[in-house]
Every structure is written in C-alpha cells, then in structure tokens.
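Asker: Pasting my_file.cif here (mmCIF, C-alpha atoms):
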data_entry
#
loop_
_atom_site.label_atom_id
_atom_site.label_comp_id
_atom_site.auth_asym_id
_atom_site.auth_seq_id
_atom_site.Cartn_x
_atom_site.Cartn_y
_atom_site.Cartn_z
CA MET A 1 -13.67 22.82 -17.23
CA SER A 2 -12.96 19.34 -18.50
CA ARG A 3 -12.08 16.63 -16.03
CA GLU A 4 -8.83 14.80 -16.44
CA ILE A 5 -6.98 11.93 -14.82
CA GLU A 6 -3.21 12.12 -15.08
CA PHE A 7 -1.57 8.71 -14.99
CA TYR A 8 2.13 8.44 -14.11
CA PHE A 9 3.34 4.99 -15.01
CA ASP A 10 6.24 2.73 -15.86
CA PHE A 11 5.75 -0.51 -17.81
CA GLY A 12 7.97 -2.31 -15.32
CA SER A 13 5.49 -1.74 -12.50
CA PRO A 14 2.87 -4.48 -12.11
CA ASN A 15 0.76 -2.06 -10.08
CA SER A 16 0.81 0.33 -13.05
CA TYR A 17 -0.42 -2.54 -15.21
CA LEU A 18 -3.29 -3.33 -12.83
CA ALA A 19 -4.29 0.33 -12.73
CA TRP A 20 -4.12 0.58 -16.50
CA THR A 21 -6.59 -2.31 -16.90
CA GLN A 22 -9.13 -0.22 -14.95
CA LEU A 23 -8.39 3.32 -16.04
CA HIS A 24 -10.14 3.56 -19.39
CA GLY A 25 -13.35 2.17 -17.90
CA LEU A 26 -13.08 4.56 -14.99
CA ALA A 27 -12.47 7.55 -17.26
CA GLU A 28 -15.48 6.61 -19.37
CA ARG A 29 -17.75 6.15 -16.33
CA CYS A 30 -16.72 9.56 -15.02
CA ASP A 31 -16.72 11.32 -18.39
CA ALA A 32 -13.08 12.22 -17.82
CA SER A 33 -10.11 12.29 -20.15
CA LEU A 34 -6.97 10.31 -19.43
CA ARG A 35 -3.52 11.82 -19.77
CA TYR A 36 -0.66 9.32 -19.83
CA ARG A 37 2.53 10.56 -18.21
CA PRO A 38 5.47 8.24 -18.85
CA ILE A 39 8.21 8.38 -16.24
CA SER A 40 11.31 6.40 -15.36
CA LEU A 41 10.54 4.70 -12.08
CA GLY A 42 14.21 3.93 -11.51
CA ALA A 43 15.13 7.60 -11.84
CA LEU A 44 12.18 8.55 -9.63
CA PHE A 45 13.37 6.20 -6.88
CA LYS A 46 16.87 7.62 -7.13
CA ALA A 47 15.59 11.19 -6.89
CA THR A 48 13.23 10.62 -3.95
CA GLY A 49 15.16 8.10 -1.86
CA ASN A 50 12.22 5.72 -2.23
CA VAL A 51 12.89 2.08 -3.11
CA SER A 52 10.93 -0.55 -4.95
CA PRO A 53 8.42 -2.18 -2.60
CA MET A 54 9.97 -5.43 -3.82
CA ALA A 55 13.40 -4.46 -2.45
CA VAL A 56 12.77 -5.99 0.98
CA PRO A 57 12.68 -9.75 0.25
CA ILE A 58 10.11 -10.71 2.89
CA LYS A 59 7.84 -7.93 1.61
CA GLY A 60 8.39 -8.72 -2.04
CA LYS A 61 7.29 -12.30 -1.51
CA TYR A 62 4.01 -11.15 0.04
CA LEU A 63 3.43 -8.44 -2.56
CA ILE A 64 3.44 -11.01 -5.33
CA ARG A 65 0.66 -12.95 -3.61
CA ASP A 66 -1.18 -9.68 -3.08
CA LEU A 67 -0.84 -8.72 -6.75
CA LEU A 68 -2.30 -12.05 -7.82
CA ARG A 69 -5.19 -11.68 -5.39
CA CYS A 70 -5.87 -8.15 -6.64
CA ALA A 71 -5.77 -9.28 -10.27
CA ALA A 72 -8.16 -12.12 -9.48
CA GLY A 73 -10.48 -9.66 -7.72
CA LEU A 74 -10.43 -7.38 -10.77
CA GLU A 75 -10.82 -10.40 -13.06
CA VAL A 76 -7.84 -9.43 -15.18
CA PRO A 77 -5.00 -11.71 -16.25
CA LEU A 78 -1.64 -11.22 -14.52
CA LEU A 79 1.46 -13.33 -14.87
CA VAL A 80 4.27 -12.31 -12.55
CA ASN A 81 7.06 -11.68 -15.02
CA PRO A 82 9.90 -14.17 -14.47
CA HIS A 83 12.38 -11.55 -15.70
CA PHE A 84 11.28 -8.96 -13.12
CA PRO A 85 12.68 -6.40 -12.51
CA LEU A 86 13.04 -5.39 -16.16
CA ASN A 87 15.13 -2.42 -17.25
CA THR A 88 12.27 -0.48 -18.80
CA LEU A 89 14.10 2.84 -19.28
CA PRO A 90 14.41 2.39 -23.08
CA LEU A 91 10.73 1.39 -23.27
CA MET A 92 9.68 4.47 -21.32
CA ARG A 93 11.76 6.62 -23.69
CA MET A 94 9.93 5.00 -26.57
CA ALA A 95 6.61 5.75 -24.91
CA GLN A 96 7.67 9.37 -24.46
CA GLY A 97 8.81 9.61 -28.07
CA ILE A 98 5.69 8.01 -29.53
CA GLN A 99 3.47 10.28 -27.45
CA LEU A 100 5.29 13.31 -28.82
CA ARG A 101 5.86 12.32 -32.41
CA GLN A 102 3.45 9.60 -33.51
CA ALA A 103 0.51 9.95 -31.15
CA ASP A 104 -1.76 7.57 -33.09
CA ASP A 105 0.59 4.71 -32.18
CA PHE A 106 0.60 5.51 -28.48
CA LEU A 107 -2.27 3.38 -27.20
CA PRO A 108 -1.34 0.35 -29.34
CA PHE A 109 2.23 0.65 -28.00
CA VAL A 110 1.09 0.92 -24.38
CA THR A 111 -1.19 -2.09 -24.81
CA ALA A 112 1.60 -4.13 -26.42
CA MET A 113 4.04 -3.30 -23.61
CA PHE A 114 1.75 -3.93 -20.64
CA THR A 115 0.36 -7.09 -22.21
CA SER A 116 3.67 -8.61 -23.27
CA ILE A 117 5.23 -7.95 -19.86
CA TRP A 118 2.36 -8.65 -17.42
CA VAL A 119 0.11 -11.05 -19.32
CA ASP A 120 2.56 -12.96 -21.52
CA GLY A 121 5.50 -12.72 -19.11
CA GLN A 122 7.96 -11.77 -21.84
CA ASN A 123 11.30 -10.09 -21.33
CA THR A 124 10.22 -7.15 -23.47
CA ALA A 125 13.18 -5.05 -22.35
CA ASP A 126 15.34 -7.34 -24.50
CA PRO A 127 15.53 -5.84 -28.04
CA GLU A 128 15.21 -9.29 -29.61
CA VAL A 129 11.95 -9.88 -27.77
CA LEU A 130 10.73 -6.34 -28.29
CA GLN A 131 10.93 -6.34 -32.05
CA PRO A 132 8.38 -9.11 -32.77
CA VAL A 133 6.11 -7.72 -30.03
CA LEU A 134 6.05 -4.38 -31.85
CA GLN A 135 5.52 -6.02 -35.22
CA GLN A 136 2.63 -8.11 -33.92
CA ALA A 137 1.03 -4.89 -32.68
CA GLY A 138 1.29 -3.49 -36.20
CA LEU A 139 3.93 -0.95 -35.19
CA ASP A 140 7.08 0.14 -37.02
CA ALA A 141 9.72 -1.51 -34.85
CA VAL A 142 12.71 0.20 -36.43
CA ALA A 143 11.27 3.69 -36.02
CA ILE A 144 10.18 3.04 -32.43
CA VAL A 145 13.45 1.52 -31.29
CA ALA A 146 15.27 4.53 -32.75
CA LEU A 147 13.23 6.86 -30.51
CA ALA A 148 14.95 5.43 -27.43
CA GLN A 149 18.28 6.74 -28.78
CA ASP A 150 17.04 10.26 -29.49
CA SER A 151 18.69 12.73 -27.15
CA ASP A 152 15.73 15.14 -27.20
CA ILE A 153 13.42 12.35 -26.11
CA LYS A 154 15.82 11.14 -23.44
CA ALA A 155 15.90 14.68 -22.09
CA GLU A 156 12.11 14.98 -22.23
CA LEU A 157 11.57 11.78 -20.22
CA LYS A 158 14.07 13.03 -17.68
CA ARG A 159 12.26 16.37 -17.52
CA GLN A 160 8.89 14.64 -17.08
CA THR A 161 10.32 12.50 -14.29
CA ASP A 162 11.85 15.53 -12.56
CA ASP A 163 8.51 17.34 -12.86
CA ALA A 164 6.80 14.33 -11.28
CA VAL A 165 9.17 14.45 -8.31
CA ALA A 166 8.52 18.18 -7.96
CA ARG A 167 4.78 17.41 -7.79
CA GLY A 168 5.30 14.86 -5.02
CA VAL A 169 5.29 11.63 -7.04
CA PHE A 170 7.37 8.89 -5.37
CA GLY A 171 6.09 5.69 -7.00
CA ALA A 172 3.90 4.26 -9.73
CA PRO A 173 1.13 4.26 -10.55
CA THR A 174 0.33 7.77 -9.42
CA PHE A 175 -2.76 9.69 -10.45
CA PHE A 176 -3.69 13.33 -10.27
CA VAL A 177 -7.14 14.85 -10.38
CA GLY A 178 -6.32 18.53 -10.48
CA GLU A 179 -3.55 18.86 -7.90
CA GLU A 180 -4.85 16.03 -5.72
CA MET A 181 -2.50 13.05 -5.83
CA PHE A 182 -3.32 9.35 -5.44
CA TRP A 183 -0.89 6.44 -5.36
CA GLY A 184 -1.54 2.80 -6.18
CA HIS A 185 -4.03 0.80 -8.20
CA ASP A 186 -5.93 0.27 -4.97
CA ARG A 187 -6.77 3.96 -4.71
CA LEU A 188 -8.74 4.24 -7.94
CA ASN A 189 -11.86 4.43 -5.80
CA HIS A 190 -10.46 7.68 -4.38
CA VAL A 191 -9.68 8.90 -7.89
CA GLU A 192 -13.28 8.21 -8.84
CA ASP A 193 -14.54 10.02 -5.73
CA ALA A 194 -12.41 13.04 -6.61
CA LEU A 195 -13.71 13.11 -10.17
CA ARG A 196 -17.31 12.92 -9.00
CA ALA A 197 -16.73 15.60 -6.37
CA SER A 198 -15.23 17.91 -9.00
CA ALA A 199 -18.31 17.29 -11.17
CA ASP A 200 -20.60 18.26 -8.29
CA VAL A 201 -18.72 21.52 -7.84
CA GLN A 202 -19.05 22.58 -11.47
CA MET B 1 -13.25 -25.79 12.84
CA SER B 2 -13.77 -22.29 14.13
CA ARG B 3 -12.70 -19.40 11.96
CA GLU B 4 -10.21 -16.94 13.29
CA ILE B 5 -8.59 -13.67 12.25
CA GLU B 6 -5.15 -13.06 13.70
CA PHE B 7 -4.33 -9.37 14.01
CA TYR B 8 -0.70 -8.29 14.34
CA PHE B 9 -0.62 -4.68 15.45
CA ASP B 10 1.30 -1.87 17.12
CA PHE B 11 -0.47 1.11 18.70
CA GLY B 12 1.99 3.44 16.97
CA SER B 13 0.73 2.45 13.53
CA PRO B 14 -2.16 4.56 12.21
CA ASN B 15 -2.95 1.82 9.73
CA SER B 16 -3.34 -0.60 12.64
CA TYR B 17 -5.77 1.85 14.18
CA LEU B 18 -7.82 2.10 10.99
CA ALA B 19 -7.94 -1.69 10.71
CA TRP B 20 -8.93 -2.03 14.35
CA THR B 21 -11.94 0.23 13.83
CA GLN B 22 -13.22 -2.27 11.26
CA LEU B 23 -12.13 -5.63 12.66
CA HIS B 24 -14.75 -6.34 15.28
CA GLY B 25 -17.54 -5.64 12.81
CA LEU B 26 -15.85 -7.81 10.21
CA ALA B 27 -15.38 -10.68 12.66
CA GLU B 28 -19.02 -10.47 13.65
CA ARG B 29 -20.25 -10.40 10.05
CA CYS B 30 -18.15 -13.47 9.26
CA ASP B 31 -18.84 -15.30 12.51
CA ALA B 32 -15.09 -15.38 13.17
CA SER B 33 -13.08 -14.89 16.32
CA LEU B 34 -10.39 -12.25 16.57
CA ARG B 35 -6.98 -13.00 18.04
CA TYR B 36 -4.91 -9.93 18.91
CA ARG B 37 -1.17 -10.41 18.44
CA PRO B 38 0.84 -7.52 19.90
CA ILE B 39 4.23 -6.98 18.29
CA SER B 40 6.93 -4.34 18.38
CA LEU B 41 6.90 -2.74 14.96
CA GLY B 42 10.31 -1.17 15.57
CA ALA B 43 11.84 -4.58 16.30
CA LEU B 44 10.02 -6.05 13.29
CA PHE B 45 11.48 -3.40 10.98
CA LYS B 46 14.95 -4.03 12.38
CA ALA B 47 14.61 -7.79 11.87
CA THR B 48 13.24 -7.64 8.32
CA GLY B 49 15.15 -4.71 6.87
CA ASN B 50 11.82 -3.02 6.18
CA VAL B 51 11.37 0.64 7.09
CA SER B 52 8.41 2.72 8.12
CA PRO B 53 6.47 3.84 5.05
CA MET B 54 6.80 7.30 6.59
CA ALA B 55 10.61 7.14 6.41
CA VAL B 56 10.79 8.63 2.91
CA PRO B 57 9.68 12.24 3.44
CA ILE B 58 7.93 12.73 0.08
CA LYS B 59 6.04 9.47 0.66
CA GLY B 60 5.20 10.22 4.29
CA LYS B 61 3.61 13.50 3.29
CA TYR B 62 1.31 11.74 0.84
CA LEU B 63 0.52 8.89 3.20
CA ILE B 64 -0.89 11.30 5.75
CA ARG B 65 -3.32 12.65 3.17
CA ASP B 66 -4.16 9.09 2.19
CA LEU B 67 -4.81 8.08 5.82
CA LEU B 68 -7.20 10.99 6.25
CA ARG B 69 -9.03 10.10 3.04
CA CYS B 70 -9.29 6.46 4.13
CA ALA B 71 -10.60 7.45 7.57
CA ALA B 72 -13.16 9.73 5.95
CA GLY B 73 -14.21 6.90 3.63
CA LEU B 74 -14.64 4.58 6.63
CA GLU B 75 -16.40 7.36 8.55
CA VAL B 76 -14.10 6.97 11.55
CA PRO B 77 -12.30 9.76 13.40
CA LEU B 78 -8.56 10.08 12.84
CA LEU B 79 -6.26 12.79 14.08
CA VAL B 80 -2.71 12.50 12.82
CA ASN B 81 -0.78 12.38 16.07
CA PRO B 82 1.48 15.45 16.36
CA HIS B 83 3.95 13.38 18.43
CA PHE B 84 4.31 10.73 15.70
CA PRO B 85 6.34 8.53 15.67
CA LEU B 86 5.73 7.48 19.27
CA ASN B 87 7.96 5.01 21.06
CA THR B 88 5.26 2.45 21.70
CA LEU B 89 7.50 -0.40 22.85
CA PRO B 90 6.48 -0.06 26.54
CA LEU B 91 2.81 0.13 25.51
CA MET B 92 3.13 -3.04 23.45
CA ARG B 93 4.75 -4.78 26.41
CA MET B 94 1.79 -3.69 28.52
CA ALA B 95 -0.58 -5.08 25.90
CA GLN B 96 1.33 -8.36 25.94
CA GLY B 97 1.28 -8.50 29.73
CA ILE B 98 -2.40 -7.65 30.06
CA GLN B 99 -3.31 -10.26 27.47
CA LEU B 100 -1.39 -12.90 29.45
CA ARG B 101 -2.24 -11.93 33.01
CA GLN B 102 -5.39 -9.84 33.18
CA ALA B 103 -7.27 -10.72 30.01
CA ASP B 104 -10.49 -8.94 31.03
CA ASP B 105 -8.66 -5.63 30.83
CA PHE B 106 -7.31 -6.27 27.36
CA LEU B 107 -10.02 -4.75 25.16
CA PRO B 108 -10.47 -1.67 27.38
CA PHE B 109 -6.70 -1.16 27.26
CA VAL B 110 -6.55 -1.53 23.47
CA THR B 111 -9.44 0.90 23.06
CA ALA B 112 -7.81 3.43 25.40
CA MET B 113 -4.49 3.25 23.53
CA PHE B 114 -5.80 3.47 19.98
CA THR B 115 -8.26 6.20 20.91
CA SER B 116 -5.88 8.36 22.91
CA ILE B 117 -3.22 8.16 20.20
CA TRP B 118 -5.23 8.34 16.96
CA VAL B 119 -8.43 10.13 17.95
CA ASP B 120 -7.27 12.43 20.75
CA GLY B 121 -3.73 12.90 19.41
CA GLN B 122 -2.12 12.42 22.82
CA ASN B 123 1.49 11.52 23.46
CA THR B 124 0.43 8.35 25.24
CA ALA B 125 3.98 6.97 25.19
CA ASP B 126 4.79 9.59 27.84
CA PRO B 127 4.16 8.04 31.29
CA GLU B 128 2.64 11.28 32.56
CA VAL B 129 0.09 11.22 29.76
CA LEU B 130 -0.46 7.49 29.99
CA GLN B 131 -1.47 7.39 33.65
CA PRO B 132 -4.64 9.52 33.41
CA VAL B 133 -5.57 7.77 30.13
CA LEU B 134 -5.49 4.42 31.95
CA GLN B 135 -7.40 5.79 34.92
CA GLN B 136 -10.10 7.25 32.70
CA ALA B 137 -10.49 3.81 31.11
CA GLY B 138 -11.08 2.37 34.57
CA LEU B 139 -7.77 0.51 34.55
CA ASP B 140 -5.20 0.05 37.32
CA ALA B 141 -2.43 2.31 36.05
CA VAL B 142 0.19 1.21 38.56
CA ALA B 143 -0.25 -2.48 37.84
CA ILE B 144 -0.26 -1.95 34.08
CA VAL B 145 2.78 0.29 33.98
CA ALA B 146 4.65 -2.31 36.05
CA LEU B 147 3.99 -4.94 33.36
CA ALA B 148 6.26 -3.08 30.94
CA GLN B 149 9.18 -3.67 33.32
CA ASP B 150 8.56 -7.40 33.73
CA SER B 151 11.37 -9.38 32.13
CA ASP B 152 9.14 -12.36 31.28
CA ILE B 153 6.76 -10.09 29.44
CA LYS B 154 9.57 -8.30 27.64
CA ALA B 155 10.83 -11.70 26.51
CA GLU B 156 7.35 -12.80 25.44
CA LEU B 157 6.80 -9.73 23.25
CA LYS B 158 10.18 -10.31 21.68
CA ARG B 159 9.28 -13.96 21.06
CA GLN B 160 5.94 -12.98 19.53
CA THR B 161 7.68 -10.47 17.26
CA ASP B 162 10.30 -13.04 16.21
CA ASP B 163 7.52 -15.55 15.48
CA ALA B 164 5.79 -12.92 13.35
CA VAL B 165 8.94 -12.41 11.30
CA ALA B 166 9.24 -16.18 10.88
CA ARG B 167 5.68 -16.23 9.50
CA GLY B 168 6.49 -13.54 6.96
CA VAL B 169 5.16 -10.45 8.76
CA PHE B 170 7.01 -7.27 7.75
CA GLY B 171 4.63 -4.48 8.77
CA ALA B 172 1.42 -3.65 10.59
CA PRO B 173 -1.40 -4.29 10.51
CA THR B 174 -1.02 -7.85 9.30
CA PHE B 175 -3.79 -10.43 9.36
CA PHE B 176 -3.80 -14.17 9.02
CA VAL B 177 -6.70 -16.41 8.09
CA GLY B 178 -5.18 -19.83 8.57
CA GLU B 179 -1.74 -19.45 7.01
CA GLU B 180 -2.86 -16.89 4.44
CA MET B 181 -1.35 -13.48 5.19
CA PHE B 182 -2.78 -10.03 4.44
CA TRP B 183 -1.13 -6.66 5.03
CA GLY B 184 -2.77 -3.28 5.46
CA HIS B 185 -6.15 -1.94 6.53
CA ASP B 186 -7.00 -1.70 2.84
CA ARG B 187 -6.88 -5.48 2.47
CA LEU B 188 -9.68 -6.29 4.91
CA ASN B 189 -11.83 -7.08 1.88
CA HIS B 190 -9.39 -9.90 1.10
CA VAL B 191 -9.52 -11.05 4.73
CA GLU B 192 -13.29 -11.19 4.44
CA ASP B 193 -13.09 -13.11 1.15
CA ALA B 194 -10.74 -15.64 2.77
CA LEU B 195 -13.07 -16.11 5.75
CA ARG B 196 -16.06 -16.64 3.47
CA ALA B 197 -14.11 -19.04 1.27
CA SER B 198 -13.08 -21.07 4.32
CA ALA B 199 -16.75 -21.18 5.37
CA ASP B 200 -17.73 -22.52 1.95
CA VAL B 201 -15.17 -25.29 2.25
CA GLN B 202 -16.38 -26.49 5.63
#
Can the structure from this file be put into structure tokens for me?
Answerer:
Amino acid sequence: MSREIEFYFDFGSPNSYLAWTQLHGLAERCDASLRYRPISLGALFKATGNVSPMAVPIKGKYLIRDLLRCAAGLEVPLLVNPHFPLNTLPLMRMAQGIQLRQADDFLPFVTAMFTSIWVDGQNTADPEVLQPVLQQAGLDAVAIVALAQDSDIKAELKRQTDDAVARGVFGAPTFFVGEEMFWGHDRLNHVEDALRASADVQ
Amino acid sequence: MSREIEFYFDFGSPNSYLAWTQLHGLAERCDASLRYRPISLGALFKATGNVSPMAVPIKGKYLIRDLLRCAAGLEVPLLVNPHFPLNTLPLMRMAQGIQLRQADDFLPFVTAMFTSIWVDGQNTADPEVLQPVLQQAGLDAVAIVALAQDSDIKAELKRQTDDAVARGVFGAPTFFVGEEMFWGHDRLNHVEDALRASADVQ
C-alpha cells in the first residue's frame, strides 16, 4: 500500500500557500505521494455554513500578524496580498482543468499561482495580470484561460468541492492520510505523525 | 523589567484547558510570571461578532478530533465534556472574585475547574456538581458561590472582558507578551519565542 497525502487547497488561501511550501519536503521525508485536490473555497464555505476566518475584523487583523509570524518561523517569504480576498474561482477551474488535461503543466501552474499571489502580492485573479504570470512560467496562457470557461471543468470542480464537503472538509488547507482529516498548515506535524504511524503498521 | 505572560481564559474552552496544562512549565522555563485574566467568552463573542469554532457543525466535529490529537501529543488527559457547551459565566465570576479577594485560593480553584470539566467531564456549571468539587479541592464552597452573585465582581468581570476586546482579544486562550498578542494553545511556541526575544533585548 502506497502512502498518500491528499491536499485540498485554494490559491486564495494564505494558509494553503504556507502548507504548500512545506508539503513536498514532508512527502519526500515520509516517502509519500502528494495528491492535489483543487476546490472552490467560496463554494465550500457556502455549502458548510463556515466563513472565512478573516470575516470577523478583529480576528482578521490578528490572523495577518499570525500568518507573518508563521511564515517567518518556516523561513518562507509571505506578502499579505493587498488585493485579498481574491476571486480565485476561475483560477481553481484552471487548476482542475490542467490537472485533468495537461498534467505536465500542473506543478508549474500551481507554483506560478501561489508565488504570484502570496510572494509577489499580485492581483492574479485579474486576467490582465494573469496572462503575463502564465507566460513567465512558460505556460500557454490562451489555452489555460480557456479551461476556466469549459463547462465540463466547471462541473468537475463543483463535483470535487461537493465531494470534499461530503468528506467533512470545511476549510483550506485540508489534508487526508487515508480517511483521517487534518486542517491547517499548523497541523502538518499531525499529518507527518499519521504517515509514520501508517508506515509502522505496514 | 520582569517578563510576564498574560493569559485570557474561560473554563468552558477546551483550548484554554490545553494551554493551561502547558503554561506553568513554559513560564518557569522562560523565567516569566503568569498573570491570569478571567473573561467571559460568551460576552467576548457577543462583543466581537466572533462565534465559537464549534458553532459550525462540520467544523466542530473535526475540532474534537483535533483536540484529542493535540492532548495526546502533549501527553495530557482530555475528556471531551459531554455537557459542552457549559454556561461558565458564574464560574468566571467566581474566578474573578477569588483573584481579587482571596488570592491564595485562586490556583486551587483554577485547577479544580479545569480538571473537573476537561479531565473528569463533569457538569461543573451545575451548582449541585460544583459544591462537592470545591469541597474536594479544600475550598469554602459557600463563600465562593456567593462571589458569583456579588455585583462588584460581576461588573469587574464585564470590565475585564471589555478591556480584552479593546486590546484585540476575540477568543480563548489568548496570551500577551507585552502588547504582542497570541491566540490558541498551538501558539505557545510563539509566546515562548517572544519571551526569549524580550530577554535578549534586555
């Protein structure tokens, strides 16, 4: 039995970004594979009755300080995006479409999105900003932008998001090791524990 | 300048309990004093527009699993209280009153409350349960229960809770090191970093 980490994410979530900076290293350390599961966080919130942790102003203000402290602790760059919250639904559709139809471009696309939004602070949800970001990453901007308009892909992202809700997902990032669920970049230690425990069992 | 950790808490918060199990050791390691700041979490939620993290059912279900994993990781006992959520307002008034008027009883009272609620799973908010819990802790149950009816103490807890909101507190546990705020038992590593950084500066 191979070990796998499932990673539910949305590019608009700074906590998903922080987790992403750690996940490939974690997977390698634990000899696990990593399965990206794009979802629409907005649709997830609507379906579960959950709200963005940033929705309560007094909490949002603190969470930004906390994010910066966590990034500093992890020694990764983080710039709180001045355009936050971004409407990332089209970008998540693109991620879904690329994963299905042009898998070799998936990791370069993910890297370009997380980096442009959470390191460079760009408004990548704006098509005029998106296009040069894609080109700089060596990706075919026209083909990728078209994916966000494809009704099959729209339906697939919706299906993936509905499936996530059915599994108990209420926010991002969320990880699964088998059917055990973990929420938040600050629970990757528990993800690692679960992977090591599953290795002991085998 | 002496170093201090301020600890905003409510007995009804399992995350406050988890933090409390770690705080005295942390304070000792860092040569810091610990200032308990009782608040009413219910009043705090009302004032800030925040809600209990347990309020969203799909999230609450996960958070219970997460609490148990965190307790296991810390190697401390935790029994998810079957009477949760408890109406802890009278208990927090007692804490406030004891702190002001019979300070020697404060730590025994805090220990009795956190332990009866989160280790023994008792419905300590019920006066009939509370009385023997206080007696077993060697405390004067009649005097303590009377504190919750004292209008000065009621007003003081309200004032303390209002002050917390004014400082940016939106949940429990919350810690301050100087004016730097930290939220959640899982940020005690940041509290420790802040204490050590302040020691370096001195």
Asker: Give me, as a VMD selection string, the contact residues of chain B against chain A at a cut-off of 8 Å, counting only C-alpha atoms.
Answerer: chain B and resid 48 to 50 56 58 to 59 62 66 69 168 to 170 181 to 182 190
Asker: Step by step, work through what the PyMOL selection byres ((chain A and resi 132-140) around 10) selects in the shown file, and finish by giving those residues as a ChimeraX atom specification.
Answerer: /A:105-106,108-109,111-113,115-116,122,124,127-131,141-145
Asker: Work out how far apart atom CA of Ala71 of chain B and atom CA of Cys30 of chain A are and give it in Å to one decimal.
Answerer: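 A separation of 23.5 Å between them.
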Asker: Please identify all polymer residues within 10 Å of Gln149 of chain B, counting all atoms listed in the file, omitting same-chain residues fewer than 4 positions from it, and present them as a ChimeraX atom specification.
Answerer: /B:90,93-94,97,144-145,153-154
Asker: Between atom CA of Leu23 of chain B and atom CA of Gly184 of chain A, measure the distance and give it in Å to one decimal.
Answerer: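 Interatomic distance, atom CA of Leu23 of chain B to atom CA of Gly184 of chain A: 23.2 Å.
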Asker: Just the residues within 12 Å of Glu192 of chain A, please, counting all atoms listed in the file, with nothing from its chain fewer than 6 positions along; format it as a list in words.
Answerer: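 Residues meeting the cut-off are Arg3, Glu4, Ile5, Gln22, Leu23, His24, Gly25, Leu26, Ala27, Glu28, Arg29, Cys30, Asp31, Ala32, Phe175, Phe176, Val177, Glu180, Phe182, His185, Asp186, Ser198 and Ala199 of chain A.
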Asker: Which is closer to Leu188 of chain B than all the others in B:Leu89, B:Gln102, B:Thr174, B:Phe9, using all atoms listed in the file?
Answerer: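 Closest to Leu188 of chain B of all the choices is B:Thr174.
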Asker: Given the point (-2.8, 11.9, -22.4) in the coordinates of this file, which residues lie within 10 Å, counting only C-alpha atoms, and how would they look as a VMD selection string?
Answerer: chain A and resid 4 to 7 33 to 38 99 103 106 to 107
Asker: Write to file, as a PDB file, in the coordinates of the input, the residues of the selection just made, with C-alpha atoms.
Answerer:
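Result went into selection.pdb, see below:
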ATOM      1  CA  GLU A   4      -8.830  14.800 -16.440  1.00  0.00           C
ATOM      2  CA  ILE A   5      -6.980  11.930 -14.820  1.00  0.00           C
ATOM      3  CA  GLU A   6      -3.210  12.120 -15.080  1.00  0.00           C
ATOM      4  CA  PHE A   7      -1.570   8.710 -14.990  1.00  0.00           C
ATOM      5  CA  SER A  33     -10.110  12.290 -20.150  1.00  0.00           C
ATOM      6  CA  LEU A  34      -6.970  10.310 -19.430  1.00  0.00           C
ATOM      7  CA  ARG A  35      -3.520  11.820 -19.770  1.00  0.00           C
ATOM      8  CA  TYR A  36      -0.660   9.320 -19.830  1.00  0.00           C
ATOM      9  CA  ARG A  37       2.530  10.560 -18.210  1.00  0.00           C
ATOM     10  CA  PRO A  38       5.470   8.240 -18.850  1.00  0.00           C
ATOM     11  CA  GLN A  99       3.470  10.280 -27.450  1.00  0.00           C
ATOM     12  CA  ALA A 103       0.510   9.950 -31.150  1.00  0.00           C
ATOM     13  CA  PHE A 106       0.600   5.510 -28.480  1.00  0.00           C
ATOM     14  CA  LEU A 107      -2.270   3.380 -27.200  1.00  0.00           C
TER      15      LEU A 107
END
Asker: Which value, in Å to one decimal, gives the distance between atom CA of Leu195 of chain B and atom CA of Gln160 of chain B?
Answerer: 23.7 Å
